[in-house]
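Notes to accompany the following structure.
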Amino acid sequence: MLKNWINIFIFQIKNSKLFTALNVLGLSIGIAGLIFAILYWNDEQSYDKWNPNKENVFLVANQMDPTTYWSSSSSPIGSAIKEISPEVESFSYVNGNYENEIIRFNGKKIQSDKVLSAQANFFEYFPYDFIEGSAKSGLPDGNSICLSQDLAEQIFGTESAFGKKIVMQNKVLVVRGVYKLDKKSIFNPSCVVNFMDQRVKNTIQQWGNFQFVLLLKLKNPSDADRVAKTLKKIYYTNMTLPRAKFQGMSPEEFILKFGEVKPHLEPLSVIRLHTKTGGLIETNGNYQLLLIMVGLSVLILILSIVNYVNSATANAVKRAKEIGVRKVIGASRTNILQQFIFETAIISLIAILISLVIVELSLPYYNVFLEKNLVLQSSQFYVQLVVIFIVTVIAAGIFPAVYVSNFEVLKVLRGNFARSKSGVWLRNGMLIFQFMVASFFIIGSYIVYQQIDYMNSKKLGFNGTQIMNISYRNVYGEKVSDQDRMKKYESIKNELLRVKGVKEVAAGGFVMGIGAKSVISYHYKDINVDGNNVPVDFGVLEMMQIKLAKGRFFSPEYSQDTISSMIINETAAKLMKEKDPIGKKIFWDGKEAVIVGVVKDFNIGNPGEAIPPITIFHFKSVKWFSNLLNNIYVKADPAAMRETIAAIENVWSKKVDADYPFQYDFVDKEYKKSYHNYVKQKNLFSLLNVIVIVIALIGLFALASYSIERRMKEIAIRKTLGAETNVLLKELCKQYVLFSLIGFVMALFPAYYLLNKWLENFSYRVGISVYPFLTGFAVLLFLTLAVVLSRAYQATRVDVLQYLKYE
């Protein structure tokens with residue numbers, strides 16, 4: 001029996017090459033899209049899945065206002081919660097950023113840009129496998145360091161690293177352990193040093209200093225809400241009450257006007273994709289893009305299966321007599337069902353193999369698109385592939401098998417292939433579904449393109465053209481003072497100004513598109529403003545062509561500008577509810593500052609974000625601002641830009657920093673990277689749009705072929721009676737125009753609702769007008785007519801005798 005089925009299958013392939021090719025192609029594309037989505041899903045879900053502490057370790061996320069969450073916590077809160085709350089087993093402070101350092105050993109210099117400072121118990125929270133030393137004894141003091149296996153091999157080669165001494169930040173460190181960095185986590189440091197104990201100790205009384213990431217390990221994960229309430233009480237006692245007393249207000253009045261810190265606990269298992277904060281050291285996963293990709297890929301596979309069902313039922317007309325003959329010679333309905341499901345299984349298996357080839361060939365480009373390193377190798381993936389095969393066979397095979405097995409013997413042997421009205425409506429319903437999905441993608445691509453184009457063309461409030469942002473590695477260490485850092489910068493600035501072609505040089509503690517590096521609340525009368533701190537040098541605002549609304553810029557002619565002067569943006573001025581804030585005094589971080597200027601709003605973050613209140617100070621006005629001096633902006637002559645960059649690099653390597661490579665980017669290009677995730681979504685939508693249209697057209701071609709095949713005798717008779725070609729074409733096309741209209745109307749609400757939800761991600765967004773819908777229908781109608789008319793025209797050109805000779 002199996003041999004007979006295979007022979008029949010091969011025979012049908014030979015006689016229906018086009019239909020078979022279209023079926024396999026449609027399923028291959030749909031399955032390939034789902035495989036891509038599954039690889040992305042598996043990778044994102046794998047973060048910290050290996051960690052046995054994933055449900056017990058929590059990040060303290062502090063809600064500062066209704067929309068702002070900080071991943072950093074104040075320094076004293078860890079010890080306080082450990083003493084008060086019996087539910088807390090331990091706490092661990094970790095630095096919020098990797099450090100870029102040079103490691104020296106026996107004259108060898110190795111650069112590592114993923115140096116993590118953490119407390120001694122870090123490896124109890126992230127138990128990486130140790131190949132030398134142990135997690136418990138890896139970071140006993142501030143003179144210890146643990147290296148990843150890769151970094152240890154770079155420094156020591158094949159020799160053992162344990163116990164050897166290296167130098168970093170002019171400090172001798174002893175290697176206490178080597179660990180394997182082969183698992184995905186929110187922390188993937190190349191090495192870990194215990195500088196955090198001392199840093200926390202130095203700031204242990206600073207309740208308003210939200211500087212370090214705080215992790216808590218709970219005895220029972222179900223106690224998270226109770227611990228969060230305890231944290232809130234601690235902040236209330238140590239921050240809200242003293243500040244209310246200083247303002248001469250009751251705690252209730254203070255909270256009503258200024259708000260309060262509301263801690264939340266986020267388990268390690270959800271931080272990668274679901275944290276409410278700006279994220280930790282490693283880049284956050286893009287949960288929205290993940291859902292979009294998985295959802296649309298599943299939709300495309302459904303579309304592929306619908307397309308297969310339509311093609312299979314269309315092709316079944318040609319096999320009606322075969323089924324009738326098989327039933328006459330004794331084949332049961334079950335035998336027919338099994339045979340057609342078997343054929344679907346073979347088609348699905350071939351489609352999966354082709355889809356794997358498509359994925360393998362496209363994977364390098366997909367990895368570039370996602371900035372990942374995905375591979376087609378994992379037991380989990382193979383299980384998922386088997387599930388895809390089974391689901392595809394069941395979904396695509398059952399209906400065509402039932403359809404052909406129900407052919408009535410006498411009718412099909414007499415040449416009457418008409419089926420029930422319910423079967424016709426089901427096929428037409430599937431075609432309408434294809435039109436609906438195609439309409440959704442065409443409309444969606446138009447709106448997504450509009451939004452990204454709007455972001456590209458939106459006025460940003462600054463001009464970064466021909467301005468270089470040079471990444472500067474600041475000077476740190478126990479003996480390095482704030483004055484030392486500023487002196488070194490002034491020296492670098494003078495050296496750069498001597499370079500031919502350099503017009504202006506100024507530093508800024510910010511990166512356009514990323515935003516400010518610190519936020520501090522300040523008070524004006526009874527108003528509290530969470531200001532994004534932007535420390536600058538003289539001239540950087542003018543260099544960026546940031547417009548002045550009122551007052552003046554900083555100037556070296558005014559000595560107070562390096563002591564207490566402050567510039568705010570228009571958003572901050574509106575929050576202060578002050579028509580003319582120039583000269584007004586505010587209370588900022590324990591000191592009094594005077595507003596000397598108001599600049600027009602500019603996008604310091606990406607253009608999809610709301611412009612925050614910004615407070616601008618000179619670097620020298622606040623001692624610790626010199627720690628944020630990591631970006632030097634240079635405006636050069638565009639006519640000699642290449643020569644100028646080469647000269648700057650030469651000066652940099654000889655007189656600034658010979659240990660680190662010269663790294664720069666132009667501000668305008670750098671800014672565009674800030675919303676590349678949205679550009680990815682646009683490109684993804686455009687690609688899937690093409691795929692959906694191709695699959696929908698394949699399905700339309702199959703059903704049009706089926707419909708026209710059934711009406712060939714009618715067409716032959718009408719042609720014999722003198723019907724013109726254009727009349728026949730109109731008659732054959734009108735139902736498909738109606739179906740496309742119904743599908744388009746059905747797509748209107750989901751398209752409007754879902755795309756409007758997507759646009760809610762943007763503070764500055766386009767409105768949804770009628771034009772995307774009109775364009776979508778026009779494109780859909782054009783493609784429908786192109787396919788149907790071409791197929792119908794072929795039908796009107798056949799030899800009528802071929803279909804009339806049996807009458």
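FYI, nothing fancy with the structure tokens labels: chains A, B, ... in order, residues from 1 per chain, ligands from 1 as they appear.
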
Which polymer residues have any atom within 8 Å of an atom of Asn194 of chain A, counting only C-alpha atoms, with same-chain residues fewer than 6 positions away left out, as a ChimeraX atom specification? /A:117-120,139-145

Convert the current residue selection to file output with all heavy atoms, as a CSV table (one decimal), in the first residue's frame.
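Once everything was written out, this is part.csv:
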```csv
chain,number,residue,atom,x,y,z
A,117,SER,N,32.7,45.9,38.6
A,117,SER,CA,33.0,46.0,40.0
A,117,SER,C,31.8,45.6,40.8
A,117,SER,O,30.6,46.0,40.6
A,117,SER,CB,33.3,47.5,40.4
A,117,SER,OG,33.6,47.6,41.7
A,118,ALA,N,32.0,44.6,41.8
A,118,ALA,CA,30.9,44.0,42.5
A,118,ALA,C,31.4,43.7,43.9
A,118,ALA,O,32.6,43.7,44.2
A,118,ALA,CB,30.3,42.8,41.8
A,119,GLN,N,30.4,43.4,44.8
A,119,GLN,CA,30.8,43.0,46.1
A,119,GLN,C,31.2,41.5,46.1
A,119,GLN,O,31.0,40.8,45.2
A,119,GLN,CB,29.6,43.2,47.1
A,119,GLN,CG,29.4,44.7,47.3
A,119,GLN,CD,28.4,44.9,48.5
A,119,GLN,OE1,27.3,44.5,48.5
A,119,GLN,NE2,28.9,45.6,49.5
A,120,ALA,N,31.7,41.1,47.3
A,120,ALA,CA,32.4,39.8,47.4
A,120,ALA,C,31.4,38.6,47.1
A,120,ALA,O,31.9,37.5,46.6
A,120,ALA,CB,32.9,39.6,48.8
A,139,LEU,N,36.4,36.7,45.6
A,139,LEU,CA,36.5,38.1,45.8
A,139,LEU,C,36.6,38.4,47.3
A,139,LEU,O,35.7,39.2,47.8
A,139,LEU,CB,35.4,38.8,45.1
A,139,LEU,CG,35.3,38.7,43.6
A,139,LEU,CD1,33.9,39.2,43.1
A,139,LEU,CD2,36.4,39.3,42.9
A,140,PRO,N,37.5,38.0,48.0
A,140,PRO,CA,37.5,38.2,49.5
A,140,PRO,C,37.8,39.7,49.9
A,140,PRO,O,37.4,40.1,50.9
A,140,PRO,CB,38.7,37.3,50.0
A,140,PRO,CG,39.6,37.2,48.8
A,140,PRO,CD,38.7,37.2,47.6
A,141,ASP,N,38.5,40.4,49.0
A,141,ASP,CA,38.9,41.8,49.4
A,141,ASP,C,39.1,42.6,48.1
A,141,ASP,O,38.9,42.1,47.0
A,141,ASP,CB,40.1,41.8,50.2
A,141,ASP,CG,41.3,41.0,49.6
A,141,ASP,OD1,41.5,41.2,48.4
A,141,ASP,OD2,41.9,40.3,50.3
A,142,GLY,N,39.4,43.9,48.3
A,142,GLY,CA,39.6,44.8,47.2
A,142,GLY,C,40.8,44.6,46.4
A,142,GLY,O,41.0,45.3,45.4
A,143,ASN,N,41.7,43.7,46.8
A,143,ASN,CA,42.9,43.4,46.0
A,143,ASN,C,42.7,42.1,45.2
A,143,ASN,O,43.7,41.5,44.7
A,143,ASN,CB,44.1,43.2,47.0
A,143,ASN,CG,44.3,44.5,47.7
A,143,ASN,OD1,44.3,45.6,47.2
A,143,ASN,ND2,44.5,44.4,49.0
A,144,SER,N,41.5,41.6,45.0
A,144,SER,CA,41.3,40.3,44.3
A,144,SER,C,40.6,40.6,43.0
A,144,SER,O,39.8,41.6,42.9
A,144,SER,CB,40.4,39.4,45.2
A,144,SER,OG,41.0,39.2,46.4
A,145,ILE,N,40.8,39.6,42.1
A,145,ILE,CA,40.1,39.7,40.8
A,145,ILE,C,39.8,38.3,40.3
A,145,ILE,O,40.6,37.4,40.5
A,145,ILE,CB,41.0,40.5,39.8
A,145,ILE,CG1,40.2,40.7,38.4
A,145,ILE,CG2,42.3,39.8,39.5
A,145,ILE,CD1,40.9,41.6,37.5
```

Leaving out Ala61 of chain A and any residue of its chain fewer than 6 positions from it, which residues lie within 10 Å of it when counting only C-alpha atoms, given as JSON, numbers by chain? {"A": [68, 69, 70, 71, 72, 73, 213, 214, 215, 228, 261, 262, 263, 264, 265, 266, 275, 276, 277, 278, 279]}

Take the residues from that selection and put them in a file with N, CA, C and O atoms, as a short mmCIF file (atom, residue, chain, number, x, y, z; two decimals), in the first residue's frame.
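Listed below is the output, again-v2.cif:
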```cif
data_model
loop_
_atom_site.label_atom_id
_atom_site.label_comp_id
_atom_site.auth_asym_id
_atom_site.auth_seq_id
_atom_site.Cartn_x
_atom_site.Cartn_y
_atom_site.Cartn_z
N THR A 68 8.90 56.91 35.57
CA THR A 68 10.35 56.73 35.65
C THR A 68 10.73 55.70 36.71
O THR A 68 10.33 55.83 37.87
N TYR A 69 11.50 54.70 36.29
CA TYR A 69 12.03 53.68 37.20
C TYR A 69 13.54 53.67 37.08
O TYR A 69 14.08 53.70 35.98
N TRP A 70 14.22 53.64 38.23
CA TRP A 70 15.68 53.57 38.25
C TRP A 70 16.12 52.17 38.66
O TRP A 70 15.57 51.57 39.58
N SER A 71 17.16 51.67 37.98
CA SER A 71 17.73 50.38 38.37
C SER A 71 18.74 50.56 39.50
O SER A 71 19.18 49.58 40.10
N SER A 72 19.10 51.80 39.80
CA SER A 72 20.08 52.08 40.86
C SER A 72 19.36 52.37 42.18
O SER A 72 18.22 52.82 42.20
N SER A 73 20.07 52.11 43.27
CA SER A 73 19.51 52.32 44.61
C SER A 73 20.47 53.15 45.43
O SER A 73 21.64 53.30 45.09
N VAL A 213 23.62 49.41 41.53
CA VAL A 213 22.57 48.40 41.37
C VAL A 213 22.53 47.53 42.62
O VAL A 213 23.56 47.02 43.06
N LEU A 214 21.33 47.35 43.18
CA LEU A 214 21.18 46.54 44.39
C LEU A 214 20.39 45.27 44.06
O LEU A 214 19.29 45.32 43.52
N LEU A 215 20.99 44.13 44.40
CA LEU A 215 20.33 42.83 44.23
C LEU A 215 20.06 42.23 45.60
O LEU A 215 20.91 42.29 46.49
N ALA A 228 9.23 44.68 49.50
CA ALA A 228 9.08 45.97 48.82
C ALA A 228 8.42 46.99 49.74
O ALA A 228 8.80 48.17 49.76
N VAL A 261 9.77 57.72 46.89
CA VAL A 261 10.37 56.56 46.24
C VAL A 261 9.50 55.34 46.52
O VAL A 261 9.16 55.05 47.66
N LYS A 262 9.16 54.63 45.42
CA LYS A 262 8.35 53.41 45.55
C LYS A 262 9.14 52.23 45.00
O LYS A 262 9.21 52.03 43.80
N PRO A 263 9.75 51.45 45.88
CA PRO A 263 10.56 50.31 45.40
C PRO A 263 9.69 49.17 44.87
O PRO A 263 8.60 48.91 45.37
N HIS A 264 10.19 48.50 43.85
CA HIS A 264 9.59 47.29 43.31
C HIS A 264 10.68 46.24 43.19
O HIS A 264 11.84 46.57 42.93
N LEU A 265 10.32 44.99 43.34
CA LEU A 265 11.30 43.90 43.20
C LEU A 265 11.02 43.14 41.92
O LEU A 265 9.91 42.64 41.70
N GLU A 266 12.04 43.05 41.06
CA GLU A 266 11.92 42.34 39.80
C GLU A 266 12.79 41.08 39.85
O GLU A 266 14.01 41.17 40.06
N THR A 275 11.94 44.19 32.54
CA THR A 275 12.25 45.20 33.54
C THR A 275 11.61 46.55 33.18
O THR A 275 11.51 46.92 32.02
N LYS A 276 11.16 47.24 34.23
CA LYS A 276 10.57 48.56 34.03
C LYS A 276 11.63 49.66 34.01
O LYS A 276 11.33 50.80 33.66
N THR A 277 12.85 49.30 34.38
CA THR A 277 13.93 50.29 34.41
C THR A 277 14.56 50.43 33.03
O THR A 277 14.18 49.74 32.09
N GLY A 278 15.55 51.30 32.95
CA GLY A 278 16.26 51.46 31.69
C GLY A 278 17.15 50.29 31.37
O GLY A 278 17.76 50.25 30.30
N GLY A 279 17.23 49.33 32.30
CA GLY A 279 18.04 48.14 32.04
C GLY A 279 19.33 48.14 32.83
O GLY A 279 19.69 49.11 33.50
#
```

What are the DSSP helix (DSSP H, G or I) residues of segment 533-708 of chain A, as a PyMOL selection string? chain A and resi 540-543+559-562+570-576+619-621+623-628+638-656+667-708

From segment 521-770 of chain A, collect each residue whose DSSP state is strand (DSSP E or B) and return the set as a ChimeraX atom specification. /A:521-524,527-536,548-551,565-569,585-588,591-599,614-618,631-636,664-666

Could you give me, as number ranges by chain, the residues within 10 Å of Phe625 of chain A, counting only C-alpha atoms and dropping anything in the same chain fewer than 6 positions from it? A: 482, 486, 509, 518, 533-536, 617-619

File dump, residues just selected, N, CA and C atoms, as a short mmCIF file (atom, residue, chain, number, x, y, z; two decimals), in the first residue's frame:
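Okay, again.cif is ready:
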```
data_model
loop_
_atom_site.label_atom_id
_atom_site.label_comp_id
_atom_site.auth_asym_id
_atom_site.auth_seq_id
_atom_site.Cartn_x
_atom_site.Cartn_y
_atom_site.Cartn_z
N ASP A 482 39.35 65.46 41.59
CA ASP A 482 38.53 66.09 40.55
C ASP A 482 39.35 67.14 39.80
N MET A 486 40.16 67.48 35.65
CA MET A 486 39.91 68.68 34.86
C MET A 486 41.19 69.22 34.23
N GLY A 509 29.21 65.79 29.33
CA GLY A 509 28.93 64.54 30.03
C GLY A 509 27.62 63.93 29.57
N SER A 518 22.91 61.05 34.76
CA SER A 518 22.43 61.10 36.14
C SER A 518 21.20 62.00 36.21
N ASN A 533 20.76 65.68 34.52
CA ASN A 533 21.96 66.50 34.65
C ASN A 533 22.85 66.40 33.42
N VAL A 534 23.18 67.54 32.84
CA VAL A 534 24.05 67.59 31.67
C VAL A 534 25.23 68.51 31.99
N PRO A 535 26.36 67.95 32.47
CA PRO A 535 27.54 68.78 32.70
C PRO A 535 28.24 69.10 31.37
N VAL A 536 28.69 70.33 31.20
CA VAL A 536 29.29 70.76 29.94
C VAL A 536 30.49 71.66 30.20
N PHE A 617 24.94 72.24 33.88
CA PHE A 617 25.95 72.87 34.73
C PHE A 617 27.31 72.81 34.04
N HIS A 618 28.20 73.66 34.48
CA HIS A 618 29.59 73.52 34.05
C HIS A 618 30.24 72.42 34.87
N PHE A 619 31.19 71.70 34.28
CA PHE A 619 31.85 70.59 34.96
C PHE A 619 32.42 70.99 36.32
#
```

Which residue of A:Leu273, A:His523, A:Glu89, A:Ser75 approaches Asp197 of chain A most closely, using only C-alpha atoms: A:Ser75

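In this comparison, which uses only C-alpha atoms, the residue of A:Asn97, A:Tyr40, A:Gly508, A:Asn23 approaching Tyr287 of chain A most closely is A:Tyr40.
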
For atom CA of Val770 of chain A and atom CA of Gly429 of chain A, quote the distance in Å rounded to one decimal.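 According to the coordinates, atom CA of Val770 of chain A and atom CA of Gly429 of chain A are separated by 26.3 Å.
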
When you look at Gly26 of chain A with a cut-off of 12 Å (counting only C-alpha atoms), what residues show up, excluding the ones that are within fewer than 3 positions of it in the same chain? I need them as an mmCIF file with C-alpha atoms, in the first residue's frame.
```
data_model
loop_
_atom_site.group_PDB
_atom_site.id
_atom_site.type_symbol
_atom_site.label_atom_id
_atom_site.label_comp_id
_atom_site.auth_asym_id
_atom_site.auth_seq_id
_atom_site.Cartn_x
_atom_site.Cartn_y
_atom_site.Cartn_z
ATOM 1 C CA PHE A 19 0.964 23.392 -8.052
ATOM 2 C CA THR A 20 3.429 21.204 -6.176
ATOM 3 C CA ALA A 21 6.176 23.807 -6.481
ATOM 4 C CA LEU A 22 3.832 26.550 -5.243
ATOM 5 C CA ASN A 23 2.679 24.415 -2.310
ATOM 6 C CA ILE A 29 8.582 30.382 3.389
ATOM 7 C CA GLY A 30 6.051 30.180 6.226
ATOM 8 C CA ILE A 31 8.044 27.569 8.161
ATOM 9 C CA ALA A 32 11.329 29.444 7.607
ATOM 10 C CA GLY A 33 9.770 32.603 9.057
ATOM 11 C CA ILE A 300 2.455 33.937 7.987
ATOM 12 C CA LEU A 301 2.604 30.174 8.680
ATOM 13 C CA ILE A 302 -1.184 30.128 9.032
ATOM 14 C CA LEU A 303 -1.366 31.999 5.749
ATOM 15 C CA SER A 304 0.949 29.425 4.165
ATOM 16 C CA ILE A 305 -1.223 26.575 5.424
ATOM 17 C CA VAL A 306 -4.366 28.295 4.138
ATOM 18 C CA ASN A 307 -2.593 28.748 0.827
ATOM 19 C CA TYR A 308 -1.710 25.035 0.779
ATOM 20 C CA VAL A 309 -5.289 24.021 1.550
ATOM 21 C CA ASN A 310 -6.589 26.241 -1.248
ATOM 22 C CA SER A 311 -4.048 24.845 -3.686
ATOM 23 C CA ILE A 347 5.192 17.839 1.150
ATOM 24 C CA SER A 348 5.628 19.221 4.683
ATOM 25 C CA ILE A 350 10.276 18.609 1.920
ATOM 26 C CA ALA A 351 9.113 22.123 2.885
ATOM 27 C CA ILE A 352 10.860 21.875 6.266
ATOM 28 C CA ILE A 354 13.967 23.600 2.180
ATOM 29 C CA SER A 355 13.105 26.030 4.987
ATOM 30 C CA ALA A 396 -2.733 21.431 6.155
ATOM 31 C CA ILE A 691 6.467 37.524 1.967
ATOM 32 C CA VAL A 692 2.781 37.822 2.851
ATOM 33 C CA ILE A 693 1.919 39.309 -0.539
ATOM 34 C CA VAL A 694 3.807 36.525 -2.338
ATOM 35 C CA ILE A 695 2.016 33.810 -0.334
ATOM 36 C CA ALA A 696 -1.363 35.504 -0.757
ATOM 37 C CA LEU A 697 -0.848 35.764 -4.515
ATOM 38 C CA ILE A 698 0.071 32.083 -4.669
ATOM 39 C CA GLY A 699 -3.161 31.252 -2.868
ATOM 40 C CA ALA A 702 -4.543 28.495 -6.875
#
```

Computed interatomic separation between atom CA of Gly248 of chain A and atom CA of Tyr236 of chain A (Å): 16.1 Å

Identify which of the residues A:Glu649, A:Glu670, A:Glu132, A:Glu159 lies closest to Gly605 of chain A, counting only C-alpha atoms when measuring atom-to-atom distances.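 Answer, going by the shortest atom-to-atom distance: A:Glu670.
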
Just checking: using only C-alpha atoms, which residue out of A:Ala80, A:Lys201, A:Arg498, A:Val192 ends up closest to Asn121 of chain A?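 That would be A:Val192, the residue with the smallest distance to Asn121 of chain A.
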
Give me the residues within 12 Å of Ser481 of chain A as a ChimeraX atom specification, counting only C-alpha atoms and dropping any in the same chain fewer than 5 places off. /A:474-476,486-488,623-627

Expected file contents, prior selection, C-alpha atoms, as a PDB file, in the first residue's frame:
```pdb
ATOM      1  CA  ASN A 474      38.812  59.534  32.048  1.00  0.00           C
ATOM      2  CA  VAL A 475      41.357  59.211  34.843  1.00  0.00           C
ATOM      3  CA  TYR A 476      40.257  57.247  37.914  1.00  0.00           C
ATOM      4  CA  MET A 486      39.909  68.684  34.860  1.00  0.00           C
ATOM      5  CA  LYS A 487      43.590  69.579  34.396  1.00  0.00           C
ATOM      6  CA  LYS A 488      44.141  66.581  32.152  1.00  0.00           C
ATOM      7  CA  LYS A 623      32.984  68.183  42.056  1.00  0.00           C
ATOM      8  CA  TRP A 624      31.800  64.717  41.030  1.00  0.00           C
ATOM      9  CA  PHE A 625      30.722  65.935  37.571  1.00  0.00           C
ATOM     10  CA  SER A 626      34.311  65.455  36.441  1.00  0.00           C
ATOM     11  CA  ASN A 627      33.670  61.686  36.710  1.00  0.00           C
TER      12      ASN A 627
END
```

Neighbour list for Leu256 of chain A as a PyMOL selection string, cut-off 12 Å, only C-alpha atoms, skip fewer than 3 positions in-chain: chain A and resi 65+240+244+249-253+259-260+526-528

Residues just named, written with N, CA, C and O atoms as a tab-separated table (two decimals), in the first residue's frame:
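Saved to part36.tsv:
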```
chain	number	residue	atom	x	y	z
A	65	ASP	N	8.75	58.48	39.75
A	65	ASP	CA	7.53	59.19	39.39
A	65	ASP	C	6.67	58.20	38.59
A	65	ASP	O	7.08	57.05	38.39
A	240	THR	N	12.07	60.76	53.06
A	240	THR	CA	10.89	61.62	53.02
A	240	THR	C	10.77	62.48	54.27
A	240	THR	O	10.55	63.71	54.17
A	244	ALA	N	10.98	66.50	54.24
A	244	ALA	CA	9.76	67.24	54.59
A	244	ALA	C	10.03	68.23	55.72
A	244	ALA	O	9.56	69.38	55.69
A	249	MET	N	7.35	71.20	55.96
A	249	MET	CA	6.07	70.64	55.54
A	249	MET	C	5.82	69.34	56.30
A	249	MET	O	6.74	68.71	56.83
A	250	SER	N	4.55	68.94	56.33
A	250	SER	CA	4.23	67.63	56.87
A	250	SER	C	4.61	66.58	55.84
A	250	SER	O	4.67	66.88	54.64
A	251	PRO	N	4.86	65.32	56.27
A	251	PRO	CA	5.20	64.27	55.29
A	251	PRO	C	4.13	64.09	54.22
A	251	PRO	O	4.44	63.85	53.06
A	252	GLU	N	2.86	64.21	54.64
A	252	GLU	CA	1.77	64.05	53.67
A	252	GLU	C	1.82	65.14	52.61
A	252	GLU	O	1.63	64.87	51.40
A	253	GLU	N	2.05	66.39	53.02
A	253	GLU	CA	2.15	67.50	52.07
A	253	GLU	C	3.35	67.32	51.14
A	253	GLU	O	3.27	67.58	49.94
A	259	GLY	N	6.21	63.77	45.72
A	259	GLY	CA	6.22	62.32	45.52
A	259	GLY	C	7.16	61.62	46.49
A	259	GLY	O	7.76	62.24	47.37
A	260	GLU	N	7.30	60.30	46.31
A	260	GLU	CA	8.18	59.51	47.16
A	260	GLU	C	8.72	58.32	46.37
A	260	GLU	O	8.19	57.96	45.32
A	526	ASP	N	7.39	75.34	45.91
A	526	ASP	CA	6.80	74.07	46.33
A	526	ASP	C	6.74	73.06	45.19
A	526	ASP	O	5.94	72.12	45.21
A	527	ILE	N	7.60	73.27	44.19
A	527	ILE	CA	7.61	72.40	43.00
A	527	ILE	C	8.87	71.56	42.99
A	527	ILE	O	9.97	72.06	43.24
A	528	ASN	N	8.71	70.27	42.68
A	528	ASN	CA	9.84	69.35	42.56
A	528	ASN	C	10.03	68.96	41.09
A	528	ASN	O	9.07	68.60	40.41
```

In Å, how far is it from atom CA of Leu780 of chain A to atom CA of Tyr449 of chain A?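 Result for atom CA of Leu780 of chain A versus atom CA of Tyr449 of chain A: 17.9 Å, one decimal.
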
For Ile77 of chain A: contacts at 8 Å, only C-alpha atoms, fewer than 3 positions along chain excluded, given as an NGL selection string: :A and (73-74 or 80-81 or 207 or 231 or 234-235)

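Among A:Met468, A:Ile595, A:Leu280, A:Leu541, the residue with the shortest atom-to-atom distance to Pro638 of chain A, counting only C-alpha atoms, is A:Met468.
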
With only C-alpha atoms as the basis for distance, which of A:Val766, A:Val596, A:Ile442, A:Ile271 is at the shortest distance from Ala778 of chain A?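 For Ala778 of chain A, the nearest of the given residues is A:Ile442.
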